>>> print(open('entry-v4.txt').read())   # compact mmCIF, C-alpha atoms
# COMPACT_ATOMS: atom_id res chain seq x y z
CA MET A 1 0.00 0.00 0.00
CA SER A 2 1.29 3.41 -0.95
CA LYS A 3 -1.48 5.76 0.13
CA TYR A 4 0.88 8.67 0.40
CA MET A 5 2.10 8.22 -3.16
CA ILE A 6 -1.47 7.72 -4.45
CA ASP A 7 -2.39 11.06 -2.92
CA LYS A 8 0.77 12.71 -4.16
CA PHE A 9 0.17 11.61 -7.74
CA MET A 10 -3.51 12.61 -7.74
CA ARG A 11 -2.60 16.02 -6.40
CA ALA A 12 0.22 16.45 -8.92
CA VAL A 13 -2.21 15.77 -11.75
CA GLU A 14 -5.20 17.72 -10.49
CA MET A 15 -3.41 20.92 -9.57
CA SER A 16 -1.98 21.50 -13.05
CA ASP A 17 -3.92 22.03 -16.28
CA ALA A 18 -0.96 20.73 -18.29
CA ALA A 19 -0.70 17.60 -16.17
CA VAL A 20 -4.43 16.90 -16.46
CA ALA A 21 -4.21 17.18 -20.25
CA ALA A 22 -1.15 14.96 -20.47
CA TYR A 23 -2.59 12.33 -18.14
CA VAL A 24 -5.94 12.22 -19.94
CA ALA A 25 -4.15 11.87 -23.28
CA ASP A 26 -2.27 8.76 -22.11
CA PRO A 27 -2.69 7.83 -18.44
CA GLY A 28 -0.22 4.94 -18.45
CA ALA A 29 2.54 6.85 -20.20
CA PHE A 30 2.11 9.93 -18.03
CA LEU A 31 2.16 7.81 -14.87
CA ASP A 32 5.31 5.95 -15.94
CA GLU A 33 7.08 9.17 -16.69
CA TRP A 34 6.06 10.69 -13.35
CA LEU A 35 7.22 7.61 -11.46
CA THR A 36 10.64 7.68 -13.05
CA GLU A 37 11.31 11.41 -12.84
CA ASP A 38 14.71 11.95 -11.29
CA ALA A 39 14.69 13.36 -7.80
CA ALA A 40 16.37 16.72 -7.83
CA THR A 41 19.25 17.15 -5.43
CA ASP A 42 17.40 19.81 -3.46
CA ARG A 43 14.33 17.67 -2.85
CA PRO A 44 13.68 15.51 0.19
CA ALA A 45 13.27 11.78 -0.30
CA ASP A 46 10.91 11.19 -3.16
CA ASP A 47 10.35 7.49 -3.42
CA ARG A 48 7.88 7.25 -6.27
CA ARG A 49 6.67 3.69 -6.09
CA LEU A 50 3.20 2.25 -6.50
CA THR A 51 1.98 -1.32 -6.16
CA GLN A 52 0.82 -3.15 -9.25
CA ALA A 53 -2.83 -2.67 -8.25
CA GLU A 54 -2.32 1.05 -7.71
CA HIS A 55 -0.52 1.40 -11.01
CA ALA A 56 -3.31 -0.44 -12.83
CA ALA A 57 -5.97 1.72 -11.19
CA PHE A 58 -4.29 4.93 -12.34
CA ALA A 59 -3.67 3.58 -15.83
CA ALA A 60 -7.42 2.83 -16.08
CA ARG A 61 -8.64 6.02 -14.33
CA ASP A 62 -10.45 3.59 -12.02
CA TYR A 63 -11.76 5.74 -9.17
CA GLU A 64 -13.57 2.84 -7.52
CA ALA A 65 -10.32 0.90 -7.23
CA LEU A 66 -8.45 3.96 -5.98
CA TYR A 67 -11.13 4.56 -3.35
CA LEU A 68 -10.70 0.99 -2.12
CA LEU A 69 -6.93 1.37 -2.12
CA GLY A 70 -7.18 4.23 0.36
CA ALA A 71 -7.01 7.36 -1.77
CA HIS A 72 -7.93 10.48 0.18
CA PRO A 73 -11.59 11.07 -0.76
CA TYR A 74 -11.26 14.81 -1.22
CA LEU A 75 -8.28 14.46 -3.53
CA LEU A 76 -9.85 11.50 -5.31
CA TRP A 77 -13.07 13.31 -6.14
CA HIS A 78 -11.30 16.34 -7.57
CA PHE A 79 -8.86 14.13 -9.45
CA THR A 80 -11.79 12.19 -10.89
CA GLU A 81 -13.62 15.37 -11.81
CA ALA A 82 -10.53 16.76 -13.52
CA VAL A 83 -9.73 13.69 -15.58
CA TYR A 84 -13.29 12.91 -16.65
CA SER A 85 -14.53 16.45 -17.26
CA PRO A 86 -13.00 16.58 -20.78
CA GLU A 87 -15.68 14.00 -21.68
CA PHE A 88 -18.57 16.17 -20.50
CA GLY A 89 -21.11 16.83 -23.21
CA GLU A 90 -24.83 16.61 -23.81
CA SER A 91 -25.21 12.98 -22.77
CA PHE A 92 -22.75 12.96 -19.85
CA GLY A 93 -22.22 15.87 -17.51
CA TRP A 94 -21.03 16.81 -14.04
CA ARG A 95 -24.14 15.54 -12.26
CA ASP A 96 -23.87 12.21 -14.11
CA LEU A 97 -20.28 11.84 -12.93
CA VAL A 98 -21.32 12.66 -9.36
CA GLU A 99 -23.96 9.91 -9.51
CA ARG A 100 -21.65 7.40 -11.17
CA TYR A 101 -18.91 8.07 -8.63
CA ARG A 102 -21.28 7.80 -5.68
CA GLU A 103 -22.73 4.52 -6.91
CA ALA A 104 -19.19 3.18 -7.34
CA VAL A 105 -17.96 4.06 -3.87
CA ARG A 106 -21.17 3.53 -1.88
CA PRO A 107 -20.79 -0.26 -1.44
CA HIS A 108 -17.34 0.20 0.06
CA GLY A 109 -18.23 2.38 3.02
CA VAL A 110 -15.32 4.51 4.20
CA PRO A 111 -11.95 2.78 3.74
CA ASP A 112 -9.03 3.86 5.93
CA TYR A 113 -7.40 6.61 3.89
CA VAL A 114 -4.91 7.90 6.45
CA PRO A 115 -1.39 7.11 5.19
CA MET B 1 -6.79 49.34 22.25
CA ALA B 2 -8.17 47.49 19.28
CA ARG B 3 -11.75 46.24 19.37
CA LEU B 4 -13.24 42.94 18.33
CA VAL B 5 -16.42 44.27 16.75
CA MET B 6 -17.87 41.09 15.27
CA ALA B 7 -17.40 37.43 14.53
CA ALA B 8 -19.06 35.47 11.76
CA ALA B 9 -18.98 32.14 9.99
CA THR B 10 -19.78 31.46 6.36
CA PRO B 11 -19.51 28.58 3.91
CA HIS B 12 -16.76 28.45 1.31
CA ASN B 13 -18.41 26.01 -1.06
CA PRO B 14 -16.69 26.83 -4.37
CA LEU B 15 -19.58 25.38 -6.38
CA LEU B 16 -21.51 28.49 -5.37
CA TRP B 17 -19.29 30.62 -7.59
CA ARG B 18 -20.88 29.40 -10.80
CA ALA B 19 -24.27 28.43 -9.37
CA MET B 20 -25.12 31.59 -7.42
CA THR B 21 -25.82 33.91 -10.30
CA GLU B 22 -27.72 37.18 -9.98
CA PRO B 23 -30.54 36.98 -9.27
CA ALA B 24 -29.77 33.91 -7.16
CA PRO B 25 -31.62 30.71 -8.11
CA ASP B 26 -34.46 29.92 -5.70
CA ASP B 27 -32.57 27.25 -3.78
CA LEU B 28 -29.58 29.57 -3.24
CA ALA B 29 -31.49 32.76 -2.42
CA GLY B 30 -31.04 32.15 1.31
CA VAL B 31 -27.30 31.67 0.91
CA ALA B 32 -26.99 34.88 -1.10
CA ALA B 33 -29.08 36.80 1.45
CA ASN B 34 -26.96 35.63 4.38
CA PHE B 35 -23.70 36.52 2.65
CA ALA B 36 -25.21 39.97 2.03
CA LEU B 37 -26.27 40.30 5.66
CA ILE B 38 -22.75 39.58 6.95
CA ARG B 39 -21.24 41.84 4.28
CA ARG B 40 -23.45 44.67 5.55
CA ALA B 41 -22.35 44.02 9.13
CA ILE B 42 -18.70 44.37 8.09
CA THR B 43 -19.48 47.71 6.50
CA GLU B 44 -21.73 49.02 9.27
CA LEU B 45 -19.24 48.09 11.98
CA GLY B 46 -16.35 49.74 10.17
CA VAL B 47 -14.16 46.63 10.16
CA ASP B 48 -10.64 47.45 9.10
CA VAL B 49 -8.82 44.16 9.81
CA ILE B 50 -10.08 40.59 9.35
CA VAL B 51 -8.73 37.48 11.04
CA LEU B 52 -9.88 34.68 8.75
CA ILE B 53 -9.82 31.12 10.10
CA GLY B 54 -10.16 28.51 7.40
CA THR B 55 -8.79 25.28 6.08
CA ASP B 56 -6.44 24.89 3.16
CA HIS B 57 -7.74 22.09 0.95
CA ILE B 58 -4.46 20.21 0.51
CA ARG B 59 -3.29 22.88 -1.93
CA GLN B 60 -0.51 24.58 0.00
CA PHE B 61 -0.19 22.11 2.87
CA PHE B 62 0.20 18.51 1.69
CA LEU B 63 1.17 15.37 3.55
CA GLU B 64 4.89 16.10 3.50
CA ASN B 65 4.31 18.97 5.91
CA VAL B 66 1.05 19.23 7.85
CA PRO B 67 0.68 22.05 10.36
CA ALA B 68 -2.18 22.02 12.88
CA PHE B 69 -2.44 25.82 13.14
CA ILE B 70 -0.55 28.20 10.92
CA VAL B 71 -0.74 31.99 10.82
CA GLY B 72 0.02 34.03 7.72
CA LYS B 73 2.65 36.72 8.26
CA ALA B 74 2.98 37.77 4.64
CA GLU B 75 2.46 41.33 3.43
CA HIS B 76 0.47 40.04 0.44
CA TYR B 77 -1.23 36.84 -0.63
CA HIS B 78 -2.13 35.53 -4.05
CA GLY B 79 -5.60 34.06 -4.16
CA THR B 80 -6.71 30.74 -5.63
CA TYR B 81 -5.03 28.12 -7.79
CA GLU B 82 -5.05 26.98 -11.40
CA ASN B 83 -7.15 23.92 -10.56
CA GLU B 84 -9.73 26.06 -8.75
CA VAL B 85 -10.01 28.40 -11.71
CA ARG B 86 -10.50 25.38 -13.98
CA THR B 87 -12.87 23.43 -11.76
CA PHE B 88 -14.92 26.15 -10.12
CA GLY B 89 -14.42 29.17 -12.35
CA LEU B 90 -12.88 31.13 -9.46
CA GLU B 91 -11.06 34.37 -10.16
CA TYR B 92 -7.51 35.14 -9.14
CA GLY B 93 -7.27 37.84 -6.50
CA GLU B 94 -4.69 39.67 -4.42
CA VAL B 95 -5.15 40.02 -0.68
CA THR B 96 -3.25 42.38 1.60
CA GLY B 97 -1.91 40.89 4.80
CA HIS B 98 -1.65 42.53 8.22
CA ARG B 99 1.79 41.86 9.61
CA GLU B 100 1.37 43.79 12.83
CA LEU B 101 -1.69 41.84 13.98
CA ALA B 102 -0.12 38.56 12.81
CA ASP B 103 2.86 39.32 15.04
CA GLU B 104 0.55 40.02 17.95
CA ILE B 105 -1.28 36.73 17.43
CA THR B 106 1.74 34.48 17.08
CA GLY B 107 3.94 36.07 19.64
CA ARG B 108 7.19 37.51 18.37
CA GLU B 109 10.34 36.19 19.97
CA VAL B 110 8.56 33.48 21.96
CA LEU B 111 5.52 31.44 21.04
CA THR B 112 2.26 32.25 22.76
CA GLU B 113 1.10 30.27 25.78
CA ALA B 114 -2.09 29.38 23.91
CA ILE B 115 -1.01 27.43 20.85
CA ASP B 116 2.26 26.55 19.15
CA PHE B 117 1.47 28.34 15.92
CA GLY B 118 3.31 27.67 12.73
CA ILE B 119 3.87 30.71 10.58
CA SER B 120 3.98 31.27 6.84
CA HIS B 121 5.48 34.13 4.86
CA GLU B 122 4.55 32.63 1.49
CA TRP B 123 1.07 31.31 1.06
CA ARG B 124 -1.38 31.10 -1.82
CA LEU B 125 -4.88 31.18 -0.35
CA ASP B 126 -7.31 28.61 -1.70
CA HIS B 127 -11.09 28.79 -1.99
CA GLY B 128 -11.50 28.13 1.73
CA PHE B 129 -10.26 31.69 2.22
CA MET B 130 -11.06 33.36 -1.09
CA ILE B 131 -14.75 32.45 -1.33
CA PRO B 132 -15.66 34.17 1.96
CA LEU B 133 -13.50 37.17 1.06
CA GLN B 134 -14.93 37.46 -2.46
CA TYR B 135 -18.49 37.45 -1.14
CA LEU B 136 -17.94 39.51 2.02
CA THR B 137 -15.37 42.03 0.79
CA PRO B 138 -15.74 41.99 -3.00
CA GLU B 139 -13.09 44.69 -3.44
CA LEU B 140 -10.63 42.65 -1.34
CA ASP B 141 -9.81 45.95 0.33
CA ILE B 142 -9.61 44.94 4.01
CA PRO B 143 -6.28 43.53 5.25
CA VAL B 144 -6.41 39.93 6.41
CA VAL B 145 -4.55 37.65 8.79
CA PRO B 146 -5.27 34.13 7.53
CA ILE B 147 -5.10 31.22 9.94
CA HIS B 148 -5.15 27.71 8.52
CA VAL B 149 -6.46 24.94 10.73
CA ASN B 150 -5.93 21.36 9.67
CA ALA B 151 -9.33 19.68 9.30
CA THR B 152 -8.58 17.21 6.50
CA LEU B 153 -5.34 15.35 7.17
CA PRO B 154 -5.45 13.45 10.50
CA PRO B 155 -4.37 13.83 13.22
CA LEU B 156 -6.57 16.90 13.66
CA PRO B 157 -6.52 19.39 16.53
CA SER B 158 -9.22 18.69 19.09
CA PRO B 159 -12.31 20.95 19.28
CA ARG B 160 -11.13 22.40 22.59
CA ARG B 161 -8.04 23.71 20.83
CA PHE B 162 -10.33 25.74 18.59
CA ALA B 163 -11.91 27.30 21.67
CA VAL B 164 -8.44 28.14 22.96
CA LEU B 165 -7.68 29.71 19.59
CA GLY B 166 -10.78 31.89 19.81
CA GLU B 167 -10.02 32.98 23.38
CA HIS B 168 -6.45 33.78 22.39
CA LEU B 169 -7.58 35.88 19.45
CA ARG B 170 -9.97 37.86 21.63
CA SER B 171 -7.40 38.62 24.28
CA THR B 172 -4.76 39.45 21.66
CA ILE B 173 -7.07 41.93 19.96
CA GLU B 174 -8.16 43.52 23.24
CA ASN B 175 -4.53 44.00 24.30
CA TRP B 176 -3.28 45.26 20.95
CA GLU B 177 -2.30 48.90 21.08
CA SER B 178 -4.17 50.00 18.03
CA ASP B 179 -7.44 51.69 17.16
CA ALA B 180 -8.28 48.92 14.69
CA ARG B 181 -11.77 47.45 14.50
CA VAL B 182 -11.31 43.73 14.01
CA ALA B 183 -13.60 40.98 12.74
CA ILE B 184 -13.02 37.27 13.18
CA LEU B 185 -14.41 35.29 10.27
CA THR B 186 -14.45 31.53 10.12
CA SER B 187 -14.94 29.53 6.97
CA GLY B 188 -16.40 26.06 7.08
CA HIS B 189 -19.13 23.52 6.53
CA MET B 190 -22.15 22.01 8.13
CA ALA B 191 -22.43 18.23 7.56
CA THR B 192 -20.68 17.72 4.24
CA ASP B 193 -19.16 14.84 2.32
CA ILE B 194 -16.78 15.21 -0.61
CA GLY B 195 -15.44 12.20 -2.41
CA GLY B 196 -17.42 9.84 -0.20
CA PRO B 197 -20.72 8.05 -0.63
CA LYS B 198 -22.88 10.99 0.54
CA GLN B 199 -21.60 13.86 -1.57
CA PHE B 200 -23.64 16.65 -3.18
CA HIS B 201 -27.16 15.52 -2.34
CA GLY B 202 -28.26 18.06 0.19
CA SER B 203 -27.28 17.66 3.83
CA PRO B 204 -25.94 14.18 4.59
CA ASP B 205 -26.89 14.60 8.27
CA PRO B 206 -29.69 17.07 9.06
CA ASP B 207 -29.69 15.97 12.71
CA PHE B 208 -26.09 17.08 13.10
CA ASP B 209 -26.87 20.37 11.35
CA ALA B 210 -29.75 21.08 13.73
CA GLU B 211 -27.63 20.36 16.80
CA ALA B 212 -24.72 22.36 15.44
CA VAL B 213 -26.90 25.39 14.82
CA ALA B 214 -28.38 25.13 18.30
CA TRP B 215 -24.94 25.20 19.98
CA MET B 216 -24.24 28.56 18.37
CA ARG B 217 -27.77 29.95 18.77
CA ASP B 218 -27.84 29.01 22.46
CA GLY B 219 -24.22 29.89 23.13
CA ASP B 220 -23.38 26.44 24.46
CA LEU B 221 -19.62 26.18 24.07
CA GLU B 222 -19.19 23.00 26.11
CA ALA B 223 -21.95 21.22 24.19
CA ALA B 224 -20.31 22.25 20.93
CA ILE B 225 -16.93 20.92 22.05
CA ASP B 226 -18.48 17.71 23.31
CA GLY B 227 -20.62 17.30 20.19
CA CYS B 228 -17.70 17.69 17.80
CA ARG B 229 -15.96 14.43 18.57
CA TYR B 230 -14.02 13.14 15.56
CA GLU B 231 -16.11 10.01 15.01
CA ARG B 232 -19.40 11.92 15.18
CA LEU B 233 -18.26 14.50 12.67
CA MET B 234 -16.81 11.98 10.24
CA ASP B 235 -20.07 10.06 10.40
CA ALA B 236 -21.85 13.26 9.38
CA GLY B 237 -19.60 13.59 6.32
CA ASN B 238 -15.90 13.36 5.66
CA VAL B 239 -15.20 17.12 5.61
CA THR B 240 -17.62 18.07 8.40
CA TYR B 241 -14.64 18.72 10.67
CA GLN B 242 -14.40 22.13 9.03
CA TYR B 243 -17.51 23.03 11.02
CA VAL B 244 -15.28 23.12 14.11
CA ASN B 245 -13.72 26.40 12.96
CA VAL B 246 -16.83 28.16 14.22
CA ILE B 247 -16.06 27.07 17.78
CA ALA B 248 -13.20 29.56 17.65
CA ALA B 249 -15.69 32.32 16.82
CA LEU B 250 -18.06 31.27 19.62
CA ALA B 251 -15.20 31.23 22.13
CA ALA B 252 -13.93 34.59 20.89
CA MET B 253 -17.40 36.01 21.57
CA GLN B 254 -17.17 34.59 25.09
CA GLY B 255 -19.66 31.81 24.46
CA ARG B 256 -22.56 34.17 23.83
CA GLY B 257 -25.45 33.02 21.64
CA ALA B 258 -25.15 34.15 18.03
CA ASP B 259 -27.37 36.90 16.64
CA LEU B 260 -27.74 34.85 13.47
CA ALA B 261 -27.47 31.05 13.52
CA GLU B 262 -28.60 29.13 10.49
CA ALA B 263 -27.81 26.09 8.37
CA THR B 264 -29.12 27.42 5.11
CA PRO B 265 -30.25 24.67 2.74
CA SER B 266 -28.84 24.42 -0.77
CA ARG B 267 -28.62 21.85 -3.54
CA PHE B 268 -25.12 20.85 -2.35
CA ALA B 269 -25.25 20.67 1.46
CA SER B 270 -26.49 23.07 4.10
CA SER B 271 -24.39 26.19 4.56
CA PRO B 272 -23.26 27.59 7.92
CA PHE B 273 -24.14 31.21 8.62
CA PHE B 274 -23.42 32.61 12.08
CA LEU B 275 -22.99 36.20 13.18
CA TRP B 276 -22.17 37.88 16.45
CA ARG B 277 -22.07 41.66 16.78
CA ALA B 278 -20.10 42.99 19.75
CA ARG B 279 -22.31 44.50 22.43
>>> encode(input="entry-v4.txt", output="structure tokens")
Amino acid sequence: MSKYMIDKFMRAVEMSDAAVAAYVADPGAFLDEWLTEDAATDRPADDRRLTQAEHAAFAARDYEALYLLGAHPYLLWHFTEAVYSPEFGESFGWRDLVERYREAVRPHGVPDYVP
Amino acid sequence: MARLVMAAATPHNPLLWRAMTEPAPDDLAGVAANFALIRRAITELGVDVIVLIGTDHIRQFFLENVPAFIVGKAEHYHGTYENEVRTFGLEYGEVTGHRELADEITGREVLTEAIDFGISHEWRLDHGFMIPLQYLTPELDIPVVPIHVNATLPPLPSPRRFAVLGEHLRSTIENWESDARVAILTSGHMATDIGGPKQFHGSPDPDFDAEAVAWMRDGDLEAAIDGCRYERLMDAGNVTYQYVNVIAALAAMQGRGADLAEATPSRFASSPFFLWRAR
């Protein structure tokens, strides 16, 4: 389990327009590049590792899996909103995503999301 | 000496920014009216410094460095973030700080007896701070001392610590050699869930909301502290802990019942509106 790194990656994507666009264009490639970025010499430890399940969840934009894996709910919702909103149109909008997300997480209660 | 002329609490729900058009939609008319009421109080009472207690939403303060209480000592603050402009349509803004009052609050050479405050000289304020300021002081023309309280990344400060914060702010203001007229504003939620199974469907816990309004209306500080246990608040919604900010306002007003105490319904969740005018 790498809850801290799950949260760190979601935040890195969601806070930047450029990162959202790059991740949506190719989630797996963006994730791999982020995981292998060299730590700069002026940064604290930056051990970018995810488990196989976490990696697969990000590659598939699978918010239900990330919820179960212990993603922070606040970060997860805004990450989800950011990476699905480019698909909003007449047949699928914000309220639809809210409903879809809620139905996905509801069966799982409240997982422990404290890293 | 300076005077604490009012305290108030408002929501900071950023979804209001696009939804609360003019005229306000029917379900948000109450929210708009209460923001206007508190805005008028700020004007009528001649407020010239605001202490704004809110919660950064994991924008500036992430898990690599989580303060419990942090006071802004900057001369100026940038307002909002790229993701908040994209997601909520918020507008960038510039806020003037108030270094002198920040120094009074934190202590200068030695930390205060009340709380071991962290300090920040470089802080971009997120919607938790900017939404109240944009609605209450649309010109962003009143200097602000922002205080972030951790309500999202456990371990969280206990509710009694918020009361201590409020008492400390009151005594600091009353002992500050200044003719400033100060308002304490707190920014928070009633029962609210974001990213959990109860989000964005009206209040997830109307019973909590009713109790939480009554504590402020009746001026029952001990009941508020006792009622804000972590498990109870998380059961009411995973960001409900941001309600606790208002305990600081109640304590600053010496536990007196609020002149306005309301959980105003909306399509998202109910919105906290509390107001105390100094007597």
>>> interface_residues(input="entry-v4.txt", of="chain B", to="chain A", cutoff="10 Å", atoms="only C-alpha atoms", output="ChimeraX atom specification")
/B:57-59,62-64,81-87,152-155,193-201,234-235,238-239
>>> atom_distance(input="entry-v4.txt", atom1="atom CA of B:Thr10", atom2="atom CA of B:Ser271")
7.2 Å
>>> residues_around(input="entry-v4.txt", residues="stretch 109-119 of chain B", least_positions_apart="5", cutoff="7 Å", atoms="only C-alpha atoms", output="count of residues only")
8
>>> residues_around(input="entry-v4.txt", residues="stretch 44-46 of chain B", least_positions_apart="4", cutoff="7 Å", atoms="all atoms listed in the file", output="ChimeraX atom specification")
/B:5,40,181
>>> residues_around(input="entry-v4.txt", residues="A:Phe30", least_positions_apart="2", cutoff="12 Å", atoms="all atoms listed in the file", output="PyMOL selection string")
chain A and resi 9+12-13+18-28+32-37+55+58-59
>>> residues_near_point(input="entry-v4.txt", point="(-6.4, -3.1, -7.7)", cutoff="8 Å", atoms="only C-alpha atoms", output="short mmCIF file (atom, residue, chain, number, x, y, z; two decimals) with C-alpha atoms, in the coordinates of the input")
data_model
loop_
_atom_site.label_atom_id
_atom_site.label_comp_id
_atom_site.auth_asym_id
_atom_site.auth_seq_id
_atom_site.Cartn_x
_atom_site.Cartn_y
_atom_site.Cartn_z
CA GLN A 52 0.82 -3.15 -9.25
CA ALA A 53 -2.83 -2.67 -8.25
CA GLU A 54 -2.32 1.05 -7.71
CA ALA A 56 -3.31 -0.44 -12.83
CA ALA A 57 -5.97 1.72 -11.19
CA ALA A 65 -10.32 0.90 -7.23
CA LEU A 66 -8.45 3.96 -5.98
CA LEU A 69 -6.93 1.37 -2.12
#
>>> atom_distance(input="entry-v4.txt", atom1="atom CA of B:Asn34", atom2="atom CA of B:Glu91")
21.6 Å
>>> residues_near_point(input="entry-v4.txt", point="(-8.9, 28.8, 0.7)", cutoff="9 Å", atoms="only C-alpha atoms", output="list in words")
His12, Gly54, Thr55, Asp56, His57, Arg59, Gly79, Thr80, Arg124, Leu125, Asp126, His127, Gly128, Phe129, Met130, Ile131, Pro132, His148 and Ser187 of chain B
>>> atom_distance(input="entry-v4.txt", atom1="atom CA of B:Ser171", atom2="atom CA of B:Glu104")
10.3 Å
>>> closest_residue(input="entry-v4.txt", among="B:Leu140, B:Ala68, B:Trp17, B:Ala8", to="B:Asp48", atoms="all atoms listed in the file")
B:Leu140
>>> residues_around(input="entry-v4.txt", residues="B:Phe162", least_positions_apart="2", cutoff="6 Å", atoms="only C-alpha atoms", output="ChimeraX atom specification")
/B:159-160,164-165,247-248
>>> residues_around(input="entry-v4.txt", residues="B:Asn175", least_positions_apart="2", cutoff="8 Å", atoms="only C-alpha atoms", output="ChimeraX atom specification")
/B:1-2,171-173,177
>>> closest_residue(input="entry-v4.txt", among="B:Trp176, B:Phe273, B:Phe35, B:Tyr135", to="B:Leu4", atoms="all atoms listed in the file")
B:Trp176
>>> decode(input="entry-v4.txt", residues="stretch 8-26 of chain A", atoms="N, CA and C atoms", output="PDB file, in the first residue's frame")
ATOM      1  N   LYS A   8      -0.195  11.775  -3.555  1.00  0.00           N
ATOM      2  CA  LYS A   8       0.766  12.705  -4.162  1.00  0.00           C
ATOM      3  C   LYS A   8       0.574  12.772  -5.682  1.00  0.00           C
ATOM      4  N   PHE A   9       0.343  11.609  -6.277  1.00  0.00           N
ATOM      5  CA  PHE A   9       0.168  11.606  -7.739  1.00  0.00           C
ATOM      6  C   PHE A   9      -1.146  12.302  -8.122  1.00  0.00           C
ATOM      7  N   MET A  10      -2.223  11.981  -7.409  1.00  0.00           N
ATOM      8  CA  MET A  10      -3.510  12.615  -7.742  1.00  0.00           C
ATOM      9  C   MET A  10      -3.396  14.130  -7.649  1.00  0.00           C
ATOM     10  N   ARG A  11      -2.736  14.572  -6.601  1.00  0.00           N
ATOM     11  CA  ARG A  11      -2.597  16.021  -6.397  1.00  0.00           C
ATOM     12  C   ARG A  11      -1.735  16.644  -7.497  1.00  0.00           C
ATOM     13  N   ALA A  12      -0.674  15.930  -7.866  1.00  0.00           N
ATOM     14  CA  ALA A  12       0.219  16.448  -8.920  1.00  0.00           C
ATOM     15  C   ALA A  12      -0.547  16.605 -10.229  1.00  0.00           C
ATOM     16  N   VAL A  13      -1.424  15.673 -10.508  1.00  0.00           N
ATOM     17  CA  VAL A  13      -2.208  15.771 -11.745  1.00  0.00           C
ATOM     18  C   VAL A  13      -3.228  16.891 -11.632  1.00  0.00           C
ATOM     19  N   GLU A  14      -4.010  16.862 -10.556  1.00  0.00           N
ATOM     20  CA  GLU A  14      -5.201  17.722 -10.488  1.00  0.00           C
ATOM     21  C   GLU A  14      -4.852  19.196 -10.387  1.00  0.00           C
ATOM     22  N   MET A  15      -3.714  19.510  -9.791  1.00  0.00           N
ATOM     23  CA  MET A  15      -3.409  20.921  -9.575  1.00  0.00           C
ATOM     24  C   MET A  15      -2.887  21.633 -10.820  1.00  0.00           C
ATOM     25  N   SER A  16      -2.592  20.888 -11.869  1.00  0.00           N
ATOM     26  CA  SER A  16      -1.980  21.498 -13.048  1.00  0.00           C
ATOM     27  C   SER A  16      -2.811  21.207 -14.295  1.00  0.00           C
ATOM     28  N   ASP A  17      -3.176  22.231 -15.025  1.00  0.00           N
ATOM     29  CA  ASP A  17      -3.917  22.026 -16.281  1.00  0.00           C
ATOM     30  C   ASP A  17      -3.104  21.178 -17.249  1.00  0.00           C
ATOM     31  N   ALA A  18      -1.813  21.461 -17.335  1.00  0.00           N
ATOM     32  CA  ALA A  18      -0.964  20.734 -18.285  1.00  0.00           C
ATOM     33  C   ALA A  18      -0.883  19.257 -17.903  1.00  0.00           C
ATOM     34  N   ALA A  19      -0.788  18.994 -16.611  1.00  0.00           N
ATOM     35  CA  ALA A  19      -0.697  17.595 -16.168  1.00  0.00           C
ATOM     36  C   ALA A  19      -2.012  16.864 -16.409  1.00  0.00           C
ATOM     37  N   VAL A  20      -3.133  17.536 -16.178  1.00  0.00           N
ATOM     38  CA  VAL A  20      -4.429  16.904 -16.459  1.00  0.00           C
ATOM     39  C   VAL A  20      -4.498  16.523 -17.937  1.00  0.00           C
ATOM     40  N   ALA A  21      -4.130  17.446 -18.800  1.00  0.00           N
ATOM     41  CA  ALA A  21      -4.213  17.179 -20.245  1.00  0.00           C
ATOM     42  C   ALA A  21      -3.304  16.031 -20.650  1.00  0.00           C
ATOM     43  N   ALA A  22      -2.103  16.014 -20.101  1.00  0.00           N
ATOM     44  CA  ALA A  22      -1.151  14.957 -20.469  1.00  0.00           C
ATOM     45  C   ALA A  22      -1.603  13.603 -19.929  1.00  0.00           C
ATOM     46  N   TYR A  23      -2.122  13.584 -18.729  1.00  0.00           N
ATOM     47  CA  TYR A  23      -2.587  12.328 -18.138  1.00  0.00           C
ATOM     48  C   TYR A  23      -3.798  11.793 -18.902  1.00  0.00           C
ATOM     49  N   VAL A  24      -4.740  12.669 -19.216  1.00  0.00           N
ATOM     50  CA  VAL A  24      -5.937  12.221 -19.940  1.00  0.00           C
ATOM     51  C   VAL A  24      -5.554  11.686 -21.317  1.00  0.00           C
ATOM     52  N   ALA A  25      -4.565  12.308 -21.938  1.00  0.00           N
ATOM     53  CA  ALA A  25      -4.146  11.870 -23.280  1.00  0.00           C
ATOM     54  C   ALA A  25      -3.591  10.453 -23.251  1.00  0.00           C
ATOM     55  N   ASP A  26      -2.857  10.110 -22.200  1.00  0.00           N
ATOM     56  CA  ASP A  26      -2.271   8.765 -22.112  1.00  0.00           C
ATOM     57  C   ASP A  26      -1.930   8.480 -20.645  1.00  0.00           C
TER      58      ASP A  26
END
